[in-house]
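Participant: So here's protein-v3.pdb, just PDB, C-alpha atoms:
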```
ATOM      1  CA  MET A  88     325.846  75.064 111.368
ATOM      2  CA  ASP A  89     323.414  72.596 109.824
ATOM      3  CA  ILE A  90     319.642  72.943 110.085
ATOM      4  CA  ILE A  91     317.515  69.834 109.667
ATOM      5  CA  VAL A  92     313.787  70.466 109.300
ATOM      6  CA  GLU A  93     311.243  67.820 110.212
ATOM      7  CA  ASN A  94     307.466  67.981 110.116
ATOM      8  CA  ALA A  95     305.860  66.992 113.396
ATOM      9  CA  ALA A  96     302.488  67.596 115.005
ATOM     10  CA  THR A  97     300.863  68.347 118.308
ATOM     11  CA  PRO A  98     298.720  65.592 119.888
ATOM     12  CA  ALA A  99     295.712  67.420 118.423
ATOM     13  CA  GLY A 100     297.226  67.144 114.951
ATOM     14  CA  ASP A 101     298.335  70.727 114.454
ATOM     15  CA  PRO A 102     301.544  70.908 112.432
ATOM     16  CA  VAL A 103     304.820  71.851 114.092
ATOM     17  CA  ALA A 104     308.056  72.389 112.197
ATOM     18  CA  VAL A 105     310.999  71.003 114.172
ATOM     19  CA  LEU A 106     314.338  72.616 113.344
ATOM     20  CA  LYS A 107     317.330  70.679 114.602
ATOM     21  CA  LEU A 108     320.373  72.930 114.840
ATOM     22  CA  GLU A 109     323.760  71.221 114.685
ATOM     23  CA  GLY A 110     327.109  72.897 115.151
ATOM     24  CA  GLU A 111     327.723  76.458 116.272
ATOM     25  CA  LEU A 112     325.325  79.396 115.995
ATOM     26  CA  ASP A 113     327.372  82.562 115.740
ATOM     27  CA  ALA A 114     327.648  85.766 113.694
ATOM     28  CA  SER A 115     328.587  83.726 110.631
ATOM     29  CA  SER A 116     325.560  81.427 110.722
ATOM     30  CA  TYR A 117     322.604  83.160 112.399
ATOM     31  CA  VAL A 118     321.206  84.508 109.131
ATOM     32  CA  GLU A 119     320.707  80.907 107.972
ATOM     33  CA  LEU A 120     318.320  80.308 110.863
ATOM     34  CA  ILE A 121     316.338  83.476 110.174
ATOM     35  CA  GLU A 122     316.093  82.665 106.473
ATOM     36  CA  ARG A 123     314.995  79.094 107.091
ATOM     37  CA  ALA A 124     312.325  80.326 109.515
ATOM     38  CA  ARG A 125     311.247  82.923 106.966
ATOM     39  CA  GLU A 126     310.776  80.215 104.320
ATOM     40  CA  LEU A 127     308.767  78.091 106.727
ATOM     41  CA  THR A 128     306.509  80.919 107.906
ATOM     42  CA  GLN A 129     305.938  82.072 104.341
ATOM     43  CA  ALA A 130     304.895  78.502 103.551
ATOM     44  CA  GLY A 131     302.354  78.659 106.358
ATOM     45  CA  ALA A 132     304.182  77.325 109.392
ATOM     46  CA  SER A 133     302.919  78.899 112.603
ATOM     47  CA  ARG A 134     304.610  76.707 115.247
ATOM     48  CA  LEU A 135     308.332  76.097 115.454
ATOM     49  CA  LEU A 136     310.284  73.883 117.818
ATOM     50  CA  LEU A 137     314.034  74.427 117.868
ATOM     51  CA  ASP A 138     315.890  71.276 118.861
ATOM     52  CA  LEU A 139     319.123  72.606 120.386
ATOM     53  CA  SER A 140     320.548  69.265 121.546
ATOM     54  CA  GLY A 141     323.210  69.318 118.806
ATOM     55  CA  LEU A 142     324.078  72.976 119.187
ATOM     56  CA  LEU A 143     327.525  73.314 120.741
ATOM     57  CA  TYR A 144     327.724  77.089 120.931
ATOM     58  CA  MET A 145     325.380  80.051 120.786
ATOM     59  CA  GLY A 146     326.504  83.663 120.731
ATOM     60  CA  SER A 147     324.401  86.793 120.907
ATOM     61  CA  ALA A 148     323.902  86.531 117.154
ATOM     62  CA  GLY A 149     321.857  83.430 117.937
ATOM     63  CA  LEU A 150     319.737  85.427 120.370
ATOM     64  CA  PHE A 151     319.195  87.980 117.619
ATOM     65  CA  ALA A 152     318.050  85.112 115.398
ATOM     66  CA  LEU A 153     315.614  83.815 118.039
ATOM     67  CA  HIS A 154     314.210  87.305 118.413
ATOM     68  CA  SER A 155     313.857  87.633 114.640
ATOM     69  CA  VAL A 156     312.160  84.243 114.322
ATOM     70  CA  ALA A 157     309.696  85.254 117.039
ATOM     71  CA  MET A 158     308.898  88.392 115.059
ATOM     72  CA  LEU A 159     308.366  86.363 111.889
ATOM     73  CA  LEU A 160     305.927  84.085 113.720
ATOM     74  CA  ARG A 161     304.018  87.174 114.831
ATOM     75  CA  GLY A 162     303.852  88.464 111.286
ATOM     76  CA  GLN A 163     306.380  91.210 111.936
ATOM     77  CA  ALA A 164     309.311  91.974 109.705
ATOM     78  CA  PRO A 165     312.547  91.438 111.594
ATOM     79  CA  PRO A 166     315.256  94.053 111.163
ATOM     80  CA  ASP A 167     317.731  93.538 108.391
ATOM     81  CA  PRO A 168     320.959  92.722 110.212
ATOM     82  CA  GLU A 169     322.877  94.441 107.436
ATOM     83  CA  LEU A 170     320.972  97.700 107.804
ATOM     84  CA  GLY A 171     320.727  98.068 111.547
ATOM     85  CA  TYR A 172     317.652  98.495 113.656
ATOM     86  CA  GLY A 173     316.599 102.061 112.899
ATOM     87  CA  ALA A 174     313.400 101.127 111.081
ATOM     88  CA  LEU A 175     312.106  98.928 113.851
ATOM     89  CA  HIS A 176     309.103 100.167 115.760
ATOM     90  CA  ASP A 177     307.167  98.804 118.674
ATOM     91  CA  ALA A 178     304.328  96.451 117.995
ATOM     92  CA  GLU A 179     301.219  96.400 120.149
ATOM     93  CA  ASP A 180     299.201  93.749 121.973
ATOM     94  CA  LEU A 181     302.066  91.359 122.459
ATOM     95  CA  ASP A 182     302.275  88.729 125.105
ATOM     96  CA  GLU A 183     305.413  88.341 127.116
ATOM     97  CA  THR A 184     305.753  84.686 126.172
ATOM     98  CA  ILE A 185     306.294  83.682 122.575
ATOM     99  CA  SER A 186     304.119  80.570 122.568
ATOM    100  CA  GLU A 187     304.645  79.827 118.864
ATOM    101  CA  LEU A 188     308.376  79.151 119.325
ATOM    102  CA  LYS A 189     309.703  76.655 121.833
ATOM    103  CA  LEU A 190     313.180  75.373 122.604
ATOM    104  CA  LEU A 191     314.245  71.800 123.208
ATOM    105  CA  ASN A 192     317.277  70.493 125.095
ATOM    106  CA  PRO A 193     319.824  73.311 125.077
ATOM    107  CA  GLN A 194     323.288  72.207 126.176
ATOM    108  CA  ALA A 195     324.923  73.870 129.172
ATOM    109  CA  GLN A 196     326.597  76.807 127.424
ATOM    110  CA  VAL A 197     323.513  77.602 125.363
ATOM    111  CA  ASP A 198     321.299  77.267 128.429
ATOM    112  CA  ARG A 199     323.487  79.704 130.362
ATOM    113  CA  VAL A 200     323.315  82.284 127.566
ATOM    114  CA  LEU A 201     319.529  82.025 127.470
ATOM    115  CA  GLU A 202     319.401  82.378 131.237
ATOM    116  CA  ARG A 203     321.862  85.257 131.531
ATOM    117  CA  THR A 204     320.123  87.343 128.908
ATOM    118  CA  GLY A 205     316.632  86.788 130.283
ATOM    119  CA  MET A 206     315.488  84.940 127.151
ATOM    120  CA  LYS A 207     313.951  82.154 129.185
ATOM    121  CA  ARG A 208     311.199  84.554 130.195
ATOM    122  CA  PHE A 209     310.046  84.570 126.602
ATOM    123  CA  PHE A 210     310.604  81.035 125.398
ATOM    124  CA  GLU A 211     309.541  77.764 126.963
ATOM    125  CA  VAL A 212     312.500  75.414 127.294
ATOM    126  CA  HIS A 213     311.653  71.720 127.247
ATOM    127  CA  THR A 214     313.754  68.634 127.822
ATOM    128  CA  ASP A 215     311.285  66.172 126.294
ATOM    129  CA  ARG A 216     310.150  66.385 122.699
ATOM    130  CA  SER A 217     306.687  64.932 123.249
ATOM    131  CA  THR A 218     306.051  67.336 126.089
ATOM    132  CA  ALA A 219     307.258  70.212 123.949
ATOM    133  CA  LEU A 220     304.929  69.273 121.094
ATOM    134  CA  ALA A 221     302.011  68.890 123.485
ATOM    135  CA  ALA A 222     302.676  72.364 124.909
ATOM    136  CA  PHE A 223     301.817  74.174 121.669
TER     137      PHE A 223
ATOM    138  CA  MET B 220     330.659  92.175 136.183
ATOM    139  CA  MET B 221     332.802  94.514 134.196
ATOM    140  CA  SER B 222     335.192  96.924 135.695
ATOM    141  CA  ALA B 223     337.106  99.283 133.472
ATOM    142  CA  MET B 224     339.058 100.627 136.403
ATOM    143  CA  GLY B 225     342.646  99.971 137.272
ATOM    144  CA  ASP B 226     345.622  99.172 135.153
ATOM    145  CA  VAL B 227     345.515  97.029 132.055
ATOM    146  CA  PRO B 228     347.163  93.706 132.955
ATOM    147  CA  ALA B 229     350.479  93.271 131.185
ATOM    148  CA  LEU B 230     350.765  90.086 129.179
ATOM    149  CA  ALA B 231     353.939  88.168 129.687
ATOM    150  CA  GLY B 232     356.191  87.594 126.704
ATOM    151  CA  GLN B 233     354.923  84.069 126.118
ATOM    152  CA  ALA B 234     351.415  85.156 125.090
ATOM    153  CA  GLN B 235     350.003  83.055 122.264
ATOM    154  CA  ARG B 236     349.026  85.014 119.197
ATOM    155  CA  LEU B 237     346.611  84.543 116.288
ATOM    156  CA  GLU B 238     346.077  86.942 113.414
ATOM    157  CA  ILE B 239     342.895  86.646 111.344
ATOM    158  CA  GLN B 240     341.217  88.464 108.511
ATOM    159  CA  ALA B 241     338.164  90.442 109.605
ATOM    160  CA  ASP B 242     335.618  87.877 108.472
ATOM    161  CA  VAL B 243     332.890  86.298 110.584
ATOM    162  CA  GLY B 244     333.864  82.995 108.982
ATOM    163  CA  GLN B 245     337.004  83.174 111.156
ATOM    164  CA  LEU B 246     335.095  83.259 114.463
ATOM    165  CA  ALA B 247     335.143  79.484 114.904
ATOM    166  CA  ALA B 248     338.941  79.547 114.569
ATOM    167  CA  VAL B 249     339.138  82.368 117.124
ATOM    168  CA  ARG B 250     337.016  80.412 119.597
ATOM    169  CA  ALA B 251     339.143  77.298 119.128
ATOM    170  CA  PHE B 252     342.361  79.302 119.557
ATOM    171  CA  VAL B 253     341.195  80.907 122.797
ATOM    172  CA  ARG B 254     339.760  77.629 124.095
ATOM    173  CA  ASP B 255     342.999  75.754 123.462
ATOM    174  CA  GLY B 256     345.245  78.585 124.641
ATOM    175  CA  ALA B 257     343.383  79.161 127.887
ATOM    176  CA  ALA B 258     343.171  75.422 128.561
ATOM    177  CA  SER B 259     346.915  75.049 127.975
ATOM    178  CA  LEU B 260     347.485  77.667 130.669
ATOM    179  CA  GLY B 261     345.493  75.503 133.069
ATOM    180  CA  ALA B 262     342.435  77.735 133.352
ATOM    181  CA  PRO B 263     339.277  76.096 134.754
ATOM    182  CA  PRO B 264     336.811  74.938 132.062
ATOM    183  CA  ARG B 265     334.005  77.255 133.172
ATOM    184  CA  ALA B 266     336.303  80.294 133.016
ATOM    185  CA  VAL B 267     337.556  79.175 129.610
ATOM    186  CA  GLY B 268     333.997  78.885 128.313
ATOM    187  CA  ASP B 269     333.095  82.332 129.585
ATOM    188  CA  LEU B 270     336.177  83.912 128.047
ATOM    189  CA  VAL B 271     335.690  82.111 124.727
ATOM    190  CA  GLN B 272     332.224  83.605 124.449
ATOM    191  CA  ALA B 273     333.373  87.076 125.512
ATOM    192  CA  VAL B 274     336.076  86.969 122.827
ATOM    193  CA  ASP B 275     333.634  85.679 120.188
ATOM    194  CA  GLU B 276     331.237  88.547 120.916
ATOM    195  CA  SER B 277     334.031  91.114 120.941
ATOM    196  CA  VAL B 278     335.665  89.970 117.708
ATOM    197  CA  ALA B 279     332.268  89.817 115.978
ATOM    198  CA  ASN B 280     331.727  93.437 117.037
ATOM    199  CA  ILE B 281     335.140  94.444 115.703
ATOM    200  CA  ILE B 282     334.401  92.785 112.357
ATOM    201  CA  LEU B 283     330.806  94.001 111.981
ATOM    202  CA  HIS B 284     330.918  97.385 113.709
ATOM    203  CA  GLY B 285     334.602  98.317 113.753
ATOM    204  CA  TYR B 286     335.488  97.327 110.213
ATOM    205  CA  ARG B 287     331.814  97.472 109.128
ATOM    206  CA  ALA B 288     332.252  94.101 107.440
ATOM    207  CA  GLY B 289     335.057  95.533 105.287
ATOM    208  CA  PRO B 290     338.619  94.244 105.024
ATOM    209  CA  GLY B 291     341.015  94.319 107.948
ATOM    210  CA  GLN B 292     342.905  92.227 110.450
ATOM    211  CA  VAL B 293     342.336  91.279 114.062
ATOM    212  CA  ILE B 294     345.070  90.018 116.359
ATOM    213  CA  VAL B 295     344.113  87.819 119.294
ATOM    214  CA  GLU B 296     346.585  87.252 122.139
ATOM    215  CA  VAL B 297     346.009  84.855 125.019
ATOM    216  CA  GLY B 298     348.162  84.808 128.111
ATOM    217  CA  ARG B 299     348.328  84.984 131.841
ATOM    218  CA  ALA B 300     349.121  87.886 134.142
ATOM    219  CA  GLY B 301     349.444  86.576 137.696
ATOM    220  CA  PRO B 302     346.006  85.280 138.728
ATOM    221  CA  LYS B 303     344.397  86.664 135.591
ATOM    222  CA  LEU B 304     343.595  84.976 132.307
ATOM    223  CA  VAL B 305     343.964  87.717 129.713
ATOM    224  CA  VAL B 306     342.929  88.091 126.082
ATOM    225  CA  ARG B 307     344.035  91.132 124.126
ATOM    226  CA  LEU B 308     342.338  92.090 120.859
ATOM    227  CA  LEU B 309     344.075  94.468 118.481
ATOM    228  CA  ASP B 310     342.643  95.964 115.308
ATOM    229  CA  ASN B 311     343.128  98.905 112.967
ATOM    230  CA  ALA B 312     339.458  99.801 112.545
ATOM    231  CA  PRO B 313     338.138 103.284 113.349
ATOM    232  CA  ALA B 314     337.868 103.938 117.074
ATOM    233  CA  PHE B 315     335.221 101.696 118.609
ATOM    234  CA  ASP B 316     334.800 101.527 122.362
ATOM    235  CA  PRO B 317     332.369  98.757 123.350
ATOM    236  CA  THR B 318     332.701  99.688 127.010
ATOM    237  CA  ALA B 319     330.959 102.992 126.247
ATOM    238  CA  LEU B 320     327.781 101.387 124.903
ATOM    239  CA  PRO B 321     324.644 101.471 127.067
ATOM    240  CA  ALA B 322     323.376  98.238 128.572
ATOM    241  CA  PRO B 323     320.194  96.784 127.043
ATOM    242  CA  ASP B 324     316.984  96.987 129.069
ATOM    243  CA  LEU B 325     316.372  93.329 129.918
ATOM    244  CA  SER B 326     313.118  94.182 131.711
ATOM    245  CA  LEU B 327     311.289  94.957 128.465
ATOM    246  CA  PRO B 328     309.091  92.331 126.782
ATOM    247  CA  LEU B 329     311.035  90.683 123.993
ATOM    248  CA  LEU B 330     309.096  92.108 121.095
ATOM    249  CA  ARG B 331     309.352  95.615 122.494
ATOM    250  CA  ARG B 332     313.113  95.390 122.578
ATOM    251  CA  ARG B 333     315.355  96.237 119.723
ATOM    252  CA  PRO B 334     317.070  93.042 118.657
ATOM    253  CA  GLY B 335     320.791  92.993 119.260
ATOM    254  CA  GLY B 336     322.813  94.758 121.890
ATOM    255  CA  LEU B 337     323.232  91.617 123.944
ATOM    256  CA  GLY B 338     326.790  90.938 122.805
ATOM    257  CA  VAL B 339     328.372  93.727 124.784
ATOM    258  CA  PHE B 340     326.119  92.878 127.726
ATOM    259  CA  LEU B 341     327.433  89.308 127.652
ATOM    260  CA  VAL B 342     331.047  90.499 127.458
ATOM    261  CA  ARG B 343     330.509  92.477 130.660
ATOM    262  CA  GLU B 344     328.722  89.584 132.357
ATOM    263  CA  LEU B 345     331.275  86.945 131.396
ATOM    264  CA  THR B 346     334.470  88.804 132.307
ATOM    265  CA  ASP B 347     335.882  90.387 135.435
ATOM    266  CA  GLU B 348     337.496  93.333 133.687
ATOM    267  CA  VAL B 349     337.240  94.977 130.278
ATOM    268  CA  HIS B 350     339.731  97.654 129.250
ATOM    269  CA  TYR B 351     339.574  99.676 126.065
ATOM    270  CA  ARG B 352     342.160 102.082 124.796
ATOM    271  CA  ARG B 353     342.869 103.761 121.525
ATOM    272  CA  THR B 354     346.542 103.604 120.652
ATOM    273  CA  ALA B 355     348.616 104.842 117.737
ATOM    274  CA  GLN B 356     348.209 101.351 116.269
ATOM    275  CA  GLY B 357     344.421 101.217 116.587
ATOM    276  CA  ASN B 358     341.975  99.709 119.053
ATOM    277  CA  GLU B 359     343.107  97.617 121.979
ATOM    278  CA  LEU B 360     340.524  95.691 123.951
ATOM    279  CA  THR B 361     341.637  93.603 126.917
ATOM    280  CA  LEU B 362     339.336  91.003 128.457
ATOM    281  CA  VAL B 363     340.236  89.581 131.851
ATOM    282  CA  LYS B 364     339.008  86.592 133.785
ATOM    283  CA  SER B 365     340.437  86.249 137.277
ATOM    284  CA  CYS B 366     340.546  82.504 137.586
ATOM    285  CA  PHE B 367     343.954  81.396 138.884
ATOM    286  CA  ASP B 368     344.895  81.099 142.504
ATOM    287  CA  ASP B 369     347.657  83.541 143.392
ATOM    288  CA  GLU B 370     349.769  80.689 144.701
ATOM    289  CA  GLU B 371     349.832  79.175 141.236
ATOM    290  CA  GLU B 372     351.407  82.263 139.761
ATOM    291  CA  GLY B 373     354.477  81.482 137.823
TER     292      GLY B 373
END
```
As structure tokens - that is how I would like this structure written.
Facilitator:
Amino acid sequence: MDIIVENAATPAGDPVAVLKLEGELDASSYVELIERARELTQAGASRLLLDLSGLLYMGSAGLFALHSVAMLLRGQAPPDPELGYGALHDAEDLDETISELKLLNPQAQVDRVLERTGMKRFFEVHTDRSTALAAF
Amino acid sequence: MMSAMGDVPALAGQAQRLEIQADVGQLAAVRAFVRDGAASLGAPPRAVGDLVQAVDESVANIILHGYRAGPGQVIVEVGRAGPKLVVRLLDNAPAFDPTALPAPDLSLPLLRRRPGGLGVFLVRELTDEVHYRRTAQGNELTLVKSCFDDEEEG
């Protein structure tokens, strides 16, 4: 999977990092997404838009990555996938919707996975980039 | 939805077979093998897509949880048993029964959930039957999608 990062902005001028995912997001590649999001959040990014139009496949490892990226945007440490989830504890005062992370143009298979697993409750899914940027 | 009841469908002798090293870098090859094999049997595209994902999730679990990311082999067989599209996964890892794992609580807010656990959920959602058995040779996981008309059996 390739990840192309582009700097964009909301209509009000607030920065948004757009990550275009190309290829297949599976158990061999999901760590790349988490690490790229970690670099961006450590550099100050607080809004991420994932452009999924070039993503041909997403497995549950990709859902794990989305979950981890959401945690990073909330200032939480995601679990180390190598170590398991034992150290994870509940955070407080969390909204249901993760407004800092939005999804753009998932293809059919990816869309079905998001739907089946209830992830669409937590992430806005947009089909138009301008609309997505304006929704932050 | 998954059903672990009933007999494990017997694969006919012409099942296609792929052996891989237990490495997540092999998952793309596994998906391609299942996609091509199921398509060559004439399975409908939607059923093929569902089974490809169920196999991807299952093989990733074998590699990461069965072999614990250590060395090993996984054999993938694709075939047809009457109206059923069948994939059989064989490995020599310690006993690992994904059908025994609890389902995740999808009603919880995302950040109150523990990440992970959705792979086995998806396997159950995307297949019509899942059978696990421990044999003298190791683990045997059979994933079934009922997607052929009986009249087409042959």
Participant: Enumerate as a ChimeraX atom specification the residues belonging to chain B that approach chain A to within 12 Å, with all atoms listed in the file taken into account.
Facilitator: /B:241-251,264-284,287-288,322-345
Participant: Pull C-alpha atoms from the residues just selected and write them as a tab-separated table (two decimals), in the frame of the given file.
Facilitator:
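What ended up in out_17.tsv:
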```
chain	number	residue	atom	x	y	z
B	241	ALA	CA	338.16	90.44	109.60
B	242	ASP	CA	335.62	87.88	108.47
B	243	VAL	CA	332.89	86.30	110.58
B	244	GLY	CA	333.86	83.00	108.98
B	245	GLN	CA	337.00	83.17	111.16
B	246	LEU	CA	335.10	83.26	114.46
B	247	ALA	CA	335.14	79.48	114.90
B	248	ALA	CA	338.94	79.55	114.57
B	249	VAL	CA	339.14	82.37	117.12
B	250	ARG	CA	337.02	80.41	119.60
B	251	ALA	CA	339.14	77.30	119.13
B	264	PRO	CA	336.81	74.94	132.06
B	265	ARG	CA	334.00	77.26	133.17
B	266	ALA	CA	336.30	80.29	133.02
B	267	VAL	CA	337.56	79.18	129.61
B	268	GLY	CA	334.00	78.89	128.31
B	269	ASP	CA	333.10	82.33	129.58
B	270	LEU	CA	336.18	83.91	128.05
B	271	VAL	CA	335.69	82.11	124.73
B	272	GLN	CA	332.22	83.60	124.45
B	273	ALA	CA	333.37	87.08	125.51
B	274	VAL	CA	336.08	86.97	122.83
B	275	ASP	CA	333.63	85.68	120.19
B	276	GLU	CA	331.24	88.55	120.92
B	277	SER	CA	334.03	91.11	120.94
B	278	VAL	CA	335.66	89.97	117.71
B	279	ALA	CA	332.27	89.82	115.98
B	280	ASN	CA	331.73	93.44	117.04
B	281	ILE	CA	335.14	94.44	115.70
B	282	ILE	CA	334.40	92.78	112.36
B	283	LEU	CA	330.81	94.00	111.98
B	284	HIS	CA	330.92	97.38	113.71
B	287	ARG	CA	331.81	97.47	109.13
B	288	ALA	CA	332.25	94.10	107.44
B	322	ALA	CA	323.38	98.24	128.57
B	323	PRO	CA	320.19	96.78	127.04
B	324	ASP	CA	316.98	96.99	129.07
B	325	LEU	CA	316.37	93.33	129.92
B	326	SER	CA	313.12	94.18	131.71
B	327	LEU	CA	311.29	94.96	128.46
B	328	PRO	CA	309.09	92.33	126.78
B	329	LEU	CA	311.04	90.68	123.99
B	330	LEU	CA	309.10	92.11	121.10
B	331	ARG	CA	309.35	95.62	122.49
B	332	ARG	CA	313.11	95.39	122.58
B	333	ARG	CA	315.36	96.24	119.72
B	334	PRO	CA	317.07	93.04	118.66
B	335	GLY	CA	320.79	92.99	119.26
B	336	GLY	CA	322.81	94.76	121.89
B	337	LEU	CA	323.23	91.62	123.94
B	338	GLY	CA	326.79	90.94	122.80
B	339	VAL	CA	328.37	93.73	124.78
B	340	PHE	CA	326.12	92.88	127.73
B	341	LEU	CA	327.43	89.31	127.65
B	342	VAL	CA	331.05	90.50	127.46
B	343	ARG	CA	330.51	92.48	130.66
B	344	GLU	CA	328.72	89.58	132.36
B	345	LEU	CA	331.28	86.94	131.40
```
Participant: Looking at A:Glu122, A:Asp138, A:Glu202, A:Glu187, which one is nearest to Asp101 (chain A), with distances taken over all atoms listed in the file?
Facilitator: A:Glu187
Participant: Can you spell out as a count of residues only the set of residues that the PyMOL selection byres ((chain B and resi 366) around 8) selects in the structure I just provided?
Facilitator: 10
Participant: Could you jot down the CA of Arg123 (chain A) to CA of Leu136 (chain A) separation for me, Å, one decimal place?
Facilitator: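 Separation between CA of Arg123 (chain A) and CA of Leu136 (chain A): 12.8 Å.
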Participant: For the file shown, what are the residues hit by the PyMOL selection byres ((chain B and resi 295-300) around 7), laid out as a ChimeraX atom specification?
Facilitator: /B:228-231,234-238,253,256-257,293-294,301-309
Participant: What lies within 10 Å of Leu190 (chain A) using only C-alpha atoms, ignoring chain neighbours under 6 positions off, as a list in words?
Facilitator: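 Contacts, in chain order: Val105, Leu106, Leu135, Leu136, Leu137, Asp138, Leu139, Ser140, Leu153, Lys207, Phe210, Glu211, Val212, His213, Thr214, Arg216 and Ala219 of chain A.
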Participant: B:Gly285, B:Gly357, B:His350, B:Leu362: which is nearest Asp226 (chain B), counting only C-alpha atoms?
Facilitator: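 Among the listed residues, the smallest separation from Asp226 (chain B) belongs to B:His350.
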Participant: Set the distance at 6 Å and use all atoms listed in the file: which residues neighbour Gly110 (chain A) once local chain neighbours fewer than 5 positions away are removed? I'd like the list as a list in words.
Facilitator: Met88, Leu142 and Leu143 of chain A
Participant: Could you list the residues chosen by the PyMOL selection byres ((chain B and resi 351) around 12) in this structure as a short mmCIF file (atom, residue, chain, number, x, y, z; two decimals) with C-alpha atoms, keeping the file's coordinate frame?
Facilitator:
```cif
data_model
loop_
_atom_site.label_atom_id
_atom_site.label_comp_id
_atom_site.auth_asym_id
_atom_site.auth_seq_id
_atom_site.Cartn_x
_atom_site.Cartn_y
_atom_site.Cartn_z
CA MET B 221 332.80 94.51 134.20
CA SER B 222 335.19 96.92 135.70
CA ALA B 223 337.11 99.28 133.47
CA MET B 224 339.06 100.63 136.40
CA GLY B 225 342.65 99.97 137.27
CA ASP B 226 345.62 99.17 135.15
CA VAL B 227 345.52 97.03 132.06
CA PRO B 228 347.16 93.71 132.96
CA SER B 277 334.03 91.11 120.94
CA ARG B 307 344.04 91.13 124.13
CA LEU B 308 342.34 92.09 120.86
CA LEU B 309 344.08 94.47 118.48
CA ASP B 310 342.64 95.96 115.31
CA ALA B 314 337.87 103.94 117.07
CA PHE B 315 335.22 101.70 118.61
CA ASP B 316 334.80 101.53 122.36
CA PRO B 317 332.37 98.76 123.35
CA THR B 318 332.70 99.69 127.01
CA ALA B 319 330.96 102.99 126.25
CA LEU B 320 327.78 101.39 124.90
CA GLU B 348 337.50 93.33 133.69
CA VAL B 349 337.24 94.98 130.28
CA HIS B 350 339.73 97.65 129.25
CA ARG B 352 342.16 102.08 124.80
CA ARG B 353 342.87 103.76 121.52
CA THR B 354 346.54 103.60 120.65
CA GLY B 357 344.42 101.22 116.59
CA ASN B 358 341.98 99.71 119.05
CA GLU B 359 343.11 97.62 121.98
CA LEU B 360 340.52 95.69 123.95
CA THR B 361 341.64 93.60 126.92
CA LEU B 362 339.34 91.00 128.46
CA VAL B 363 340.24 89.58 131.85
#
```
Participant: List as a list in words the protein and nucleic acid residues near Asp89 (chain A), meaning an atom at most 8 Å away when all atoms listed in the file are counted, but skip any in the same chain fewer than 3 places from it.
Facilitator: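 The filter keeps Lys107, Leu108, Glu109 and Gly110 of chain A.
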Participant: CA of Gln129 (chain A) to CA of Glu93 (chain A): how many Å, to one decimal?
Facilitator: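 Interatomic distance here is 16.3 Å.
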Participant: Report the distance between CA of Ala312 (chain B) and CA of Tyr286 (chain B) in Å, rounded to one decimal place.
Facilitator: 5.2 Å
Participant: Compile the contact shell of Asn94 (chain A) as a PyMOL selection string: residues with an atom at most 8 Å away, counting only C-alpha atoms, same-chain residues fewer than 5 positions apart removed.
Facilitator: chain A and resi 102-105
Participant: Next, the residues of the selection above should be written as an mmCIF file, keeping the file's coordinate frame with C-alpha atoms.
Facilitator:
```cif
data_model
loop_
_atom_site.group_PDB
_atom_site.id
_atom_site.type_symbol
_atom_site.label_atom_id
_atom_site.label_comp_id
_atom_site.auth_asym_id
_atom_site.auth_seq_id
_atom_site.Cartn_x
_atom_site.Cartn_y
_atom_site.Cartn_z
ATOM 1 C CA PRO A 102 301.544 70.908 112.432
ATOM 2 C CA VAL A 103 304.820 71.851 114.092
ATOM 3 C CA ALA A 104 308.056 72.389 112.197
ATOM 4 C CA VAL A 105 310.999 71.003 114.172
#
```
Participant: Would you mind completing region 205-214 of chain A to N, CA and C atoms and writing the output as a short mmCIF file (atom, residue, chain, number, x, y, z; two decimals), in the coordinates of the input?
Facilitator:
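Listed below is the output, part32.cif:
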```cif
data_model
loop_
_atom_site.label_atom_id
_atom_site.label_comp_id
_atom_site.auth_asym_id
_atom_site.auth_seq_id
_atom_site.Cartn_x
_atom_site.Cartn_y
_atom_site.Cartn_z
N GLY A 205 318.06 86.67 130.00
CA GLY A 205 316.63 86.79 130.28
C GLY A 205 315.74 86.20 129.21
N MET A 206 316.30 85.46 128.25
CA MET A 206 315.49 84.94 127.15
C MET A 206 314.53 83.85 127.60
N LYS A 207 314.84 83.22 128.73
CA LYS A 207 313.95 82.15 129.18
C LYS A 207 312.60 82.68 129.65
N ARG A 208 312.51 83.96 129.87
CA ARG A 208 311.20 84.55 130.20
C ARG A 208 310.27 84.48 129.00
N PHE A 209 310.85 84.42 127.81
CA PHE A 209 310.05 84.57 126.60
C PHE A 209 309.82 83.25 125.88
N PHE A 210 310.71 82.30 126.11
CA PHE A 210 310.60 81.04 125.40
C PHE A 210 310.55 79.88 126.39
N GLU A 211 309.56 78.99 126.17
CA GLU A 211 309.54 77.76 126.96
C GLU A 211 310.73 76.90 126.55
N VAL A 212 311.39 76.33 127.55
CA VAL A 212 312.50 75.41 127.29
C VAL A 212 312.09 74.04 127.79
N HIS A 213 312.08 73.08 126.90
CA HIS A 213 311.65 71.72 127.25
C HIS A 213 312.84 70.75 127.15
N THR A 214 312.73 69.68 127.90
CA THR A 214 313.75 68.63 127.82
C THR A 214 313.21 67.36 127.18
#
```
